[in-house]
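Student: Okay, so here is query-v6.txt, and as you'll see once you scroll down, it has compact mmCIF, C-alpha atoms.
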```txt
# COMPACT_ATOMS: atom_id res chain seq x y z
CA MET A 9 -39.92 10.26 34.82
CA LEU A 10 -38.09 7.17 36.01
CA ASN A 11 -40.18 4.93 33.75
CA ARG A 12 -39.32 7.10 30.73
CA LYS A 13 -35.63 6.79 31.51
CA ILE A 14 -35.95 3.01 31.82
CA ILE A 15 -37.86 2.80 28.52
CA LEU A 16 -35.34 5.04 26.76
CA SER A 17 -32.38 3.10 28.15
CA THR A 18 -33.97 -0.20 27.15
CA PHE A 19 -34.65 1.14 23.65
CA ILE A 20 -31.06 2.33 23.25
CA ILE A 21 -29.69 -1.00 24.46
CA LEU A 22 -31.90 -2.89 21.98
CA VAL A 23 -30.91 -0.63 19.11
CA VAL A 24 -27.22 -1.10 19.91
CA PHE A 25 -27.69 -4.85 20.30
CA PHE A 26 -29.48 -5.27 16.95
CA THR A 27 -26.98 -2.99 15.21
CA ILE A 28 -24.10 -5.15 16.47
CA CYS A 29 -25.96 -8.30 15.38
CA LEU A 30 -26.56 -6.83 11.92
CA ILE A 31 -22.92 -5.83 11.52
CA TYR A 32 -21.86 -9.32 12.60
CA ALA A 33 -24.38 -10.92 10.19
CA HIS A 34 -22.87 -9.02 7.26
CA TYR A 35 -19.40 -10.12 8.39
CA GLU A 36 -20.38 -13.78 8.86
CA TYR A 37 -21.78 -13.88 5.33
CA THR A 38 -18.25 -13.36 3.98
CA GLN A 39 -16.64 -16.00 6.21
CA LEU A 40 -16.76 -19.07 4.01
CA LYS A 41 -15.51 -22.19 5.74
CA ILE A 42 -14.38 -25.59 4.50
CA ARG A 43 -16.23 -28.52 6.04
CA THR A 44 -14.44 -31.83 5.47
CA ILE A 45 -16.32 -35.12 5.75
CA GLU A 46 -14.76 -38.55 5.37
CA ILE A 47 -16.94 -41.14 3.68
CA ILE A 48 -15.82 -44.61 4.71
CA SER A 49 -17.24 -47.53 2.77
CA LYS A 50 -16.31 -50.98 1.52
CA ASP A 51 -18.16 -50.11 -1.70
CA ILE A 52 -15.52 -47.54 -2.69
CA PRO A 53 -13.33 -49.07 -5.43
CA GLU A 54 -9.55 -49.10 -4.94
CA GLU A 55 -9.11 -46.57 -7.77
CA PHE A 56 -11.29 -44.06 -5.89
CA ASP A 57 -9.74 -44.53 -2.46
CA GLY A 58 -8.53 -41.05 -1.45
CA LYS A 59 -10.48 -39.20 -4.14
CA ARG A 60 -12.08 -35.91 -3.08
CA ILE A 61 -15.43 -34.38 -4.04
CA VAL A 62 -16.27 -30.71 -3.50
CA PHE A 63 -19.95 -29.90 -2.86
CA ALA A 64 -21.42 -26.37 -2.95
CA ALA A 65 -25.06 -25.27 -3.06
CA ASP A 66 -27.39 -22.30 -2.72
CA PHE A 67 -25.37 -19.53 -4.35
CA GLN A 68 -28.22 -16.97 -4.71
CA LEU A 69 -25.83 -14.04 -4.66
CA ASP A 70 -28.38 -11.58 -5.99
CA THR A 71 -31.08 -9.33 -4.64
CA TYR A 72 -33.53 -7.42 -6.82
CA ALA A 73 -31.09 -4.52 -7.09
CA ARG A 74 -27.63 -6.03 -6.56
CA PHE A 75 -25.30 -8.89 -7.45
CA ASN A 76 -22.62 -9.89 -4.95
CA GLN A 77 -19.64 -10.39 -7.25
CA LYS A 78 -17.20 -10.32 -4.31
CA GLN A 79 -18.84 -13.32 -2.68
CA LEU A 80 -18.89 -15.25 -5.96
CA ASP A 81 -15.18 -14.53 -6.38
CA ARG A 82 -14.54 -15.74 -2.81
CA ILE A 83 -16.47 -18.96 -3.46
CA ILE A 84 -14.68 -19.73 -6.71
CA LYS A 85 -11.26 -18.90 -5.27
CA LEU A 86 -11.81 -21.21 -2.29
CA ILE A 87 -13.10 -24.07 -4.45
CA ASN A 88 -10.20 -23.67 -6.87
CA GLU A 89 -7.76 -23.89 -3.96
CA GLN A 90 -9.07 -27.28 -2.85
CA GLU A 91 -7.56 -30.57 -3.92
CA LYS A 92 -10.44 -32.24 -5.75
CA ASP A 93 -11.40 -34.77 -8.39
CA ILE A 94 -15.12 -33.96 -8.79
CA ILE A 95 -17.31 -30.92 -8.10
CA ILE A 96 -21.03 -31.17 -7.32
CA LEU A 97 -23.27 -28.08 -7.41
CA GLY A 98 -26.46 -28.51 -5.41
CA GLY A 99 -28.84 -26.04 -7.07
CA ASP A 100 -30.33 -22.56 -6.48
CA TYR A 101 -27.91 -20.48 -8.52
CA THR A 102 -29.78 -17.14 -8.61
CA ASN A 103 -32.91 -15.54 -7.19
CA TRP A 104 -33.76 -13.26 -10.11
CA THR A 105 -33.80 -14.16 -13.79
CA GLY A 106 -32.11 -10.87 -14.69
CA LYS A 107 -28.98 -11.93 -12.80
CA ILE A 108 -28.65 -15.33 -14.50
CA PRO A 109 -26.19 -14.24 -17.25
CA ARG A 110 -23.93 -12.52 -14.71
CA PHE A 111 -23.78 -15.61 -12.51
CA TYR A 112 -22.76 -17.95 -15.33
CA LYS A 113 -20.26 -15.42 -16.64
CA GLY A 114 -18.64 -15.38 -13.20
CA MET A 115 -18.62 -19.18 -13.03
CA GLU A 116 -16.30 -19.33 -16.03
CA LYS A 117 -13.45 -18.88 -13.51
CA LEU A 118 -14.29 -22.15 -11.77
CA GLU A 119 -11.60 -24.70 -12.63
CA LYS A 120 -12.91 -28.05 -13.81
CA PRO A 121 -11.35 -31.07 -12.04
CA GLU A 122 -10.35 -34.27 -13.80
CA TYR A 123 -13.71 -36.04 -13.54
CA GLY A 124 -15.91 -33.04 -14.18
CA ILE A 125 -18.56 -30.85 -12.60
CA TYR A 126 -22.06 -32.12 -11.86
CA ALA A 127 -25.06 -29.89 -11.23
CA VAL A 128 -28.68 -30.29 -10.12
CA LEU A 129 -31.62 -27.90 -10.16
CA GLY A 130 -33.14 -26.18 -7.13
CA ASN A 131 -36.53 -24.56 -6.72
CA HIS A 132 -35.21 -21.07 -7.56
CA ASP A 133 -33.74 -22.36 -10.81
CA TYR A 134 -37.28 -22.94 -12.05
CA ASN A 135 -37.75 -19.17 -12.30
CA SER A 136 -36.19 -19.76 -15.70
CA VAL A 137 -35.25 -23.40 -16.04
CA GLU A 138 -34.39 -23.01 -19.73
CA LYS A 139 -31.85 -20.24 -19.06
CA ASN A 140 -30.31 -22.12 -16.16
CA MET A 141 -30.02 -25.38 -18.09
CA ALA A 142 -28.41 -23.48 -20.96
CA GLY A 143 -26.01 -21.68 -18.59
CA LEU A 144 -24.93 -24.87 -16.84
CA LYS A 145 -24.44 -26.81 -20.06
CA SER A 146 -22.58 -23.94 -21.73
CA LEU A 147 -19.93 -24.31 -19.03
CA GLY A 148 -19.62 -28.04 -19.71
CA TYR A 149 -21.35 -29.14 -16.50
CA LYS A 150 -23.23 -32.44 -16.44
CA VAL A 151 -26.78 -31.60 -15.34
CA LEU A 152 -28.51 -34.55 -13.66
CA VAL A 153 -32.32 -34.57 -13.56
CA ASN A 154 -33.66 -37.94 -12.37
CA GLU A 155 -30.61 -39.69 -13.77
CA ASN A 156 -27.10 -40.84 -12.94
CA ASP A 157 -23.64 -40.87 -14.42
CA LYS A 158 -20.90 -43.47 -14.03
CA ILE A 159 -17.30 -42.39 -13.52
CA THR A 160 -14.83 -45.10 -14.47
CA VAL A 161 -11.10 -45.36 -13.77
CA ASN A 162 -9.25 -48.51 -14.89
CA ASN A 163 -12.49 -50.51 -15.11
CA GLN A 164 -13.59 -49.46 -11.58
CA SER A 165 -16.57 -47.14 -11.20
CA ILE A 166 -18.60 -44.95 -8.88
CA TYR A 167 -21.91 -43.21 -9.55
CA ILE A 168 -23.27 -39.70 -9.15
CA SER A 169 -27.07 -39.68 -9.15
CA ALA A 170 -29.63 -36.93 -8.62
CA VAL A 171 -33.33 -36.14 -8.62
CA ASP A 172 -35.26 -33.12 -9.81
CA ASP A 173 -36.30 -30.45 -7.29
CA LEU A 174 -39.03 -31.48 -4.86
CA LEU A 175 -40.97 -28.19 -4.86
CA LYS A 176 -40.89 -27.17 -8.51
CA GLY A 177 -39.83 -30.26 -10.43
CA LYS A 178 -40.81 -33.94 -10.55
CA PRO A 179 -38.26 -35.92 -8.55
CA ASP A 180 -38.07 -39.63 -9.30
CA ALA A 181 -35.54 -41.68 -7.35
CA LYS A 182 -36.44 -44.83 -9.27
CA LYS A 183 -35.23 -43.24 -12.51
CA ALA A 184 -32.25 -41.58 -10.83
CA LEU A 185 -31.03 -44.89 -9.42
CA ASN A 186 -31.64 -46.94 -12.55
CA GLY A 187 -28.82 -49.44 -13.06
CA ILE A 188 -27.20 -48.82 -9.67
CA LYS A 189 -26.82 -51.83 -7.40
CA LYS A 190 -26.60 -51.91 -3.62
CA ASP A 191 -22.88 -52.76 -3.65
CA ASP A 192 -22.03 -49.91 -6.07
CA PHE A 193 -20.68 -46.72 -4.55
CA ASN A 194 -23.12 -43.91 -5.21
CA ILE A 195 -23.45 -40.26 -4.18
CA PHE A 196 -27.12 -39.24 -4.37
CA ILE A 197 -28.16 -35.57 -4.63
CA THR A 198 -31.49 -33.95 -3.84
CA HIS A 199 -31.64 -30.16 -3.58
CA ASN A 200 -34.39 -30.39 -0.96
CA PRO A 201 -33.61 -32.73 1.97
CA ASP A 202 -37.34 -33.39 2.55
CA TYR A 203 -37.19 -35.77 -0.41
CA PHE A 204 -35.20 -38.14 1.81
CA GLU A 205 -38.53 -38.82 3.58
CA GLU A 206 -40.12 -39.95 0.31
CA MET A 207 -37.40 -42.44 -0.63
CA THR A 208 -37.90 -46.12 0.11
CA ASN A 209 -35.41 -48.04 2.24
CA GLU A 210 -34.35 -49.96 -0.86
CA GLN A 211 -33.57 -46.68 -2.64
CA LYS A 212 -31.66 -45.33 0.34
CA GLU A 213 -29.60 -48.52 0.45
CA ARG A 214 -28.34 -47.69 -3.05
CA ALA A 215 -27.10 -44.28 -1.87
CA ASP A 216 -23.90 -44.39 0.19
CA MET A 217 -24.35 -40.69 0.95
CA THR A 218 -27.20 -38.29 0.18
CA LEU A 219 -26.32 -34.63 -0.30
CA ALA A 220 -28.81 -31.78 0.04
CA GLY A 221 -29.01 -28.02 0.41
CA HIS A 222 -31.95 -25.58 0.27
CA THR A 223 -32.10 -24.71 3.99
CA HIS A 224 -29.12 -22.29 4.16
CA GLY A 225 -28.59 -23.68 7.65
CA GLY A 226 -31.48 -21.45 8.72
CA GLN A 227 -29.76 -18.30 7.30
CA ILE A 228 -30.73 -16.34 10.44
CA THR A 229 -30.76 -18.51 13.55
CA LEU A 230 -31.15 -18.00 17.27
CA PHE A 231 -27.40 -18.25 17.92
CA GLY A 232 -27.30 -21.56 16.05
CA LEU A 233 -30.80 -22.84 16.78
CA ILE A 234 -32.73 -23.04 13.51
CA LEU A 235 -36.04 -21.27 13.97
CA HIS A 236 -37.13 -21.43 10.35
CA ALA A 237 -36.14 -23.31 7.22
CA GLU A 238 -38.29 -23.90 4.18
CA ILE A 239 -38.66 -27.63 4.77
CA LYS A 240 -41.18 -29.76 6.65
CA HIS A 241 -38.58 -31.33 8.93
CA PRO A 242 -36.06 -28.63 9.98
CA TRP A 243 -35.18 -30.46 13.18
CA LYS A 244 -34.17 -33.51 11.14
CA TYR A 245 -32.57 -31.98 8.06
CA GLY A 246 -31.89 -28.33 8.84
CA TYR A 247 -28.13 -28.64 8.75
CA GLY A 248 -25.29 -31.10 9.02
CA LEU A 249 -24.61 -34.81 8.82
CA LYS A 250 -27.46 -37.02 10.00
CA GLU A 251 -27.99 -40.77 10.00
CA TYR A 252 -31.41 -42.40 10.12
CA ASP A 253 -31.74 -46.20 10.11
CA GLY A 254 -28.18 -46.47 8.84
CA HIS A 255 -28.75 -44.08 5.92
CA LYS A 256 -26.65 -40.91 5.82
CA ILE A 257 -27.66 -37.47 4.58
CA TYR A 258 -25.67 -34.26 4.70
CA THR A 259 -27.48 -30.91 4.38
CA THR A 260 -25.11 -28.06 3.66
CA SER A 261 -25.62 -24.51 4.88
CA GLY A 262 -24.78 -23.33 1.36
CA VAL A 263 -22.52 -20.56 0.16
CA GLY A 264 -24.84 -17.58 -0.31
CA GLY A 265 -28.47 -16.61 0.02
CA GLY A 266 -29.78 -13.56 1.78
CA ALA A 267 -32.59 -12.11 3.86
CA PHE A 268 -34.57 -8.87 3.64
CA GLU A 269 -32.65 -7.93 0.47
CA MET A 270 -29.40 -8.08 2.47
CA PHE A 271 -26.40 -10.38 2.28
CA ILE A 272 -26.48 -11.57 5.86
CA ARG A 273 -26.17 -14.76 7.91
CA PHE A 274 -26.48 -15.13 11.64
CA PHE A 275 -24.87 -18.22 13.20
CA ALA A 276 -25.39 -20.04 9.89
CA GLN A 277 -21.90 -19.74 8.44
CA PRO A 278 -21.61 -20.40 4.69
CA GLU A 279 -19.57 -23.42 3.71
CA ILE A 280 -17.99 -25.47 0.99
CA VAL A 281 -18.00 -29.21 1.70
CA VAL A 282 -15.12 -31.53 0.85
CA LEU A 283 -15.93 -35.25 0.81
CA LYS A 284 -12.93 -37.55 1.19
CA LEU A 285 -13.48 -41.14 0.03
CA LYS A 286 -11.88 -43.88 2.09
CA LYS A 287 -12.15 -47.54 1.30
CA ILE A 288 -12.32 -50.16 4.03
CA LYS A 289 -12.04 -53.90 3.59
```
If you took the structure in this file and wrote it as structure tokens, what would it be?

Tutor:
Amino acid sequence: MLNRKIILSTFIILVVFFTICLIYAHYEYTQLKIRTIEIISKDIPEEFDGKRIVFAADFQLDTYARFNQKQLDRIIKLINEQEKDIIILGGDYTNWTGKIPRFYKGMEKLEKPEYGIYAVLGNHDYNSVEKNMAGLKSLGYKVLVNENDKITVNNQSIYISAVDDLLKGKPDAKKALNGIKKDDFNIFITHNPDYFEEMTNEQKERADMTLAGHTHGGQITLFGLILHAEIKHPWKYGYGLKEYDGHKIYTTSGVGGGAFEMFIRFFAQPEIVVLKLKKIK
């Protein structure tokens, strides 16, 4: 009789515990934060000193049955509120092809900053790469696939470069970095941070900062400890700013995603990243 009471009590405690965790996970999903990172470099031209770049990735606001319009509205509102000169979108815009039109319709509310919006492709975007390319371009975004773009102000320039997705595309850093020199200032984007392992040191030296997504910061973690992320090196690139041999990479936790057909996150808070450029002599 005593054992039954202990088992029942334990069961009730576990049910209450997991219910509280689930309620919190739904709440955390809505709590978008702003993560500000200062990029300090002598390669930043005077005209770009103080410029700000907003980076957001991994929207995936859809399940098979639902589309989370409220979260998309939150994301766009928060990005629009930021002081910014450039926006970079890091890939994975939807999970299901049927939700693609709704996502791009919602993105019409995103305000375009002075120097434009850049976008790359993630693995989920290859569910219908033609529809996603058409959606991104219809909004006037510059889609970078193994290529770069130069932004020039008063004869001074910086570069935005990006590779194709590692899992579904054919990433080629050599093509993406074509024409960029070591002393140029360059933001390099790869949806999947594992590609950082495949870059040569010479290629990394031509990237002042590498930006990545894909991991969702683990989405559901053990109170912050990433137990699983769909990359080979979660302990190296699971989340946050890392530096290896003097080369910096930032992996964002992303703004959306989901698990078990639910919009939840557990100690993997969604974020929008603001990069502040600061020149040093």

Student: Restricting the calculation to only C-alpha atoms, which member of A:Gln277, A:Thr223, A:Thr160, A:Asn200 is positioned closest to Glu55 (chain A)?

Tutor: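 Of all the options, A:Thr160 lies closest to Glu55 (chain A).
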
Student: Please put the answer as lines of an AutoDock Vina configuration file: centre and edge lengths, in Å with one decimal, of a box along x, y and z that encloses all listed atoms of region 36-51 of chain A plus 6 Å on each side.

Tutor:
```
center_x = -18.1
center_y = -32.2
center_z = 3.6
size_x = 19.4
size_y = 49.6
size_z = 22.6
```

Student: Closest to Ser169 (chain A) among A:Glu138, A:Asp192, A:Glu119, A:Glu238, using all atoms listed in the file?

Tutor: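 Looking at the shortest contact to Ser169 (chain A), the residue is A:Asp192.
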
Student: CA of Tyr252 (chain A) and CA of Ile188 (chain A) are how many Å apart?

Tutor: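 Value for the CA of Tyr252 (chain A)-CA of Ile188 (chain A) distance: 21.2 Å.
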
Student: Which value, in Å to one decimal, gives the distance between CA of Leu40 (chain A) and CA of Phe26 (chain A)?

Tutor: 22.8 Å

Student: Quick one: residues within 7 Å of (-27.4, -42.8, -11.9) (file frame), counting all atoms listed in the file, please, as a ChimeraX atom specification.

Tutor: /A:155-158,167-169,184-188

Student: I need the residue nearest Pro121 (chain A) from this list: A:Ile228, A:Met207, A:Ile48, A:Ile95. Use only C-alpha atoms for the distance.

Tutor: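 Of all the options, A:Ile95 lies closest to Pro121 (chain A).
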
Student: From the options A:Pro109, A:Pro201, A:Gly254, A:Gly248, which residue's atoms come nearest to Arg214 (chain A), counting only C-alpha atoms?

Tutor: A:Gly254

Student: What is the CA of Asn88 (chain A) to CA of Ile280 (chain A) distance in Å?

Tutor: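 Here the two named atoms are 11.2 Å from each other.
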
Student: Residues near region 259-267 of chain A, anyone? I mean within 8 Å using all atoms listed in the file, not counting same-chain ones fewer than 2 positions away, as a count of residues only.

Tutor: 39

Student: Hey, which of A:Phe111, A:Phe274, A:Tyr203, A:Phe56 ends up closest to Ile94 (chain A)? Count all atoms listed in the file.

Tutor: A:Phe56

Student: If you count all atoms listed in the file, which residues fall within 12 Å of Asp57 (chain A), apart from same-chain ones fewer than 3 positions away, as a list in words?

Tutor: Glu46, Ile47, Ile48, Ser49, Lys50, Asp51, Ile52, Pro53, Glu54, Arg60, Ile61, Asp93, Val161, Gln164, Ser165, Ile166, Phe193, Leu283, Lys284, Leu285, Lys286, Lys287, Ile288 and Lys289 of chain A

Student: Go through A:Ala237, A:Leu230, A:Ile42, A:Leu144 one by one, measure the shortest atom-to-atom distance of each to Gly99 (chain A) using all atoms listed in the file, and give the residue with the smallest value.

Tutor: A:Leu144

Student: Taking the point (-26.4, -31.0, -11.6) as given in the file, collect each protein or nucleic acid residue that comes within 8 Å of it, counting all atoms listed in the file, and present the set as a list in words.

Tutor: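 Residues found, by chain and rising number: Ile96, Leu97, Gly98, Gly99, Ile125, Tyr126, Ala127, Val128, Leu129, Tyr149, Lys150, Val151, Leu152, Val153 and Ala170 of chain A.
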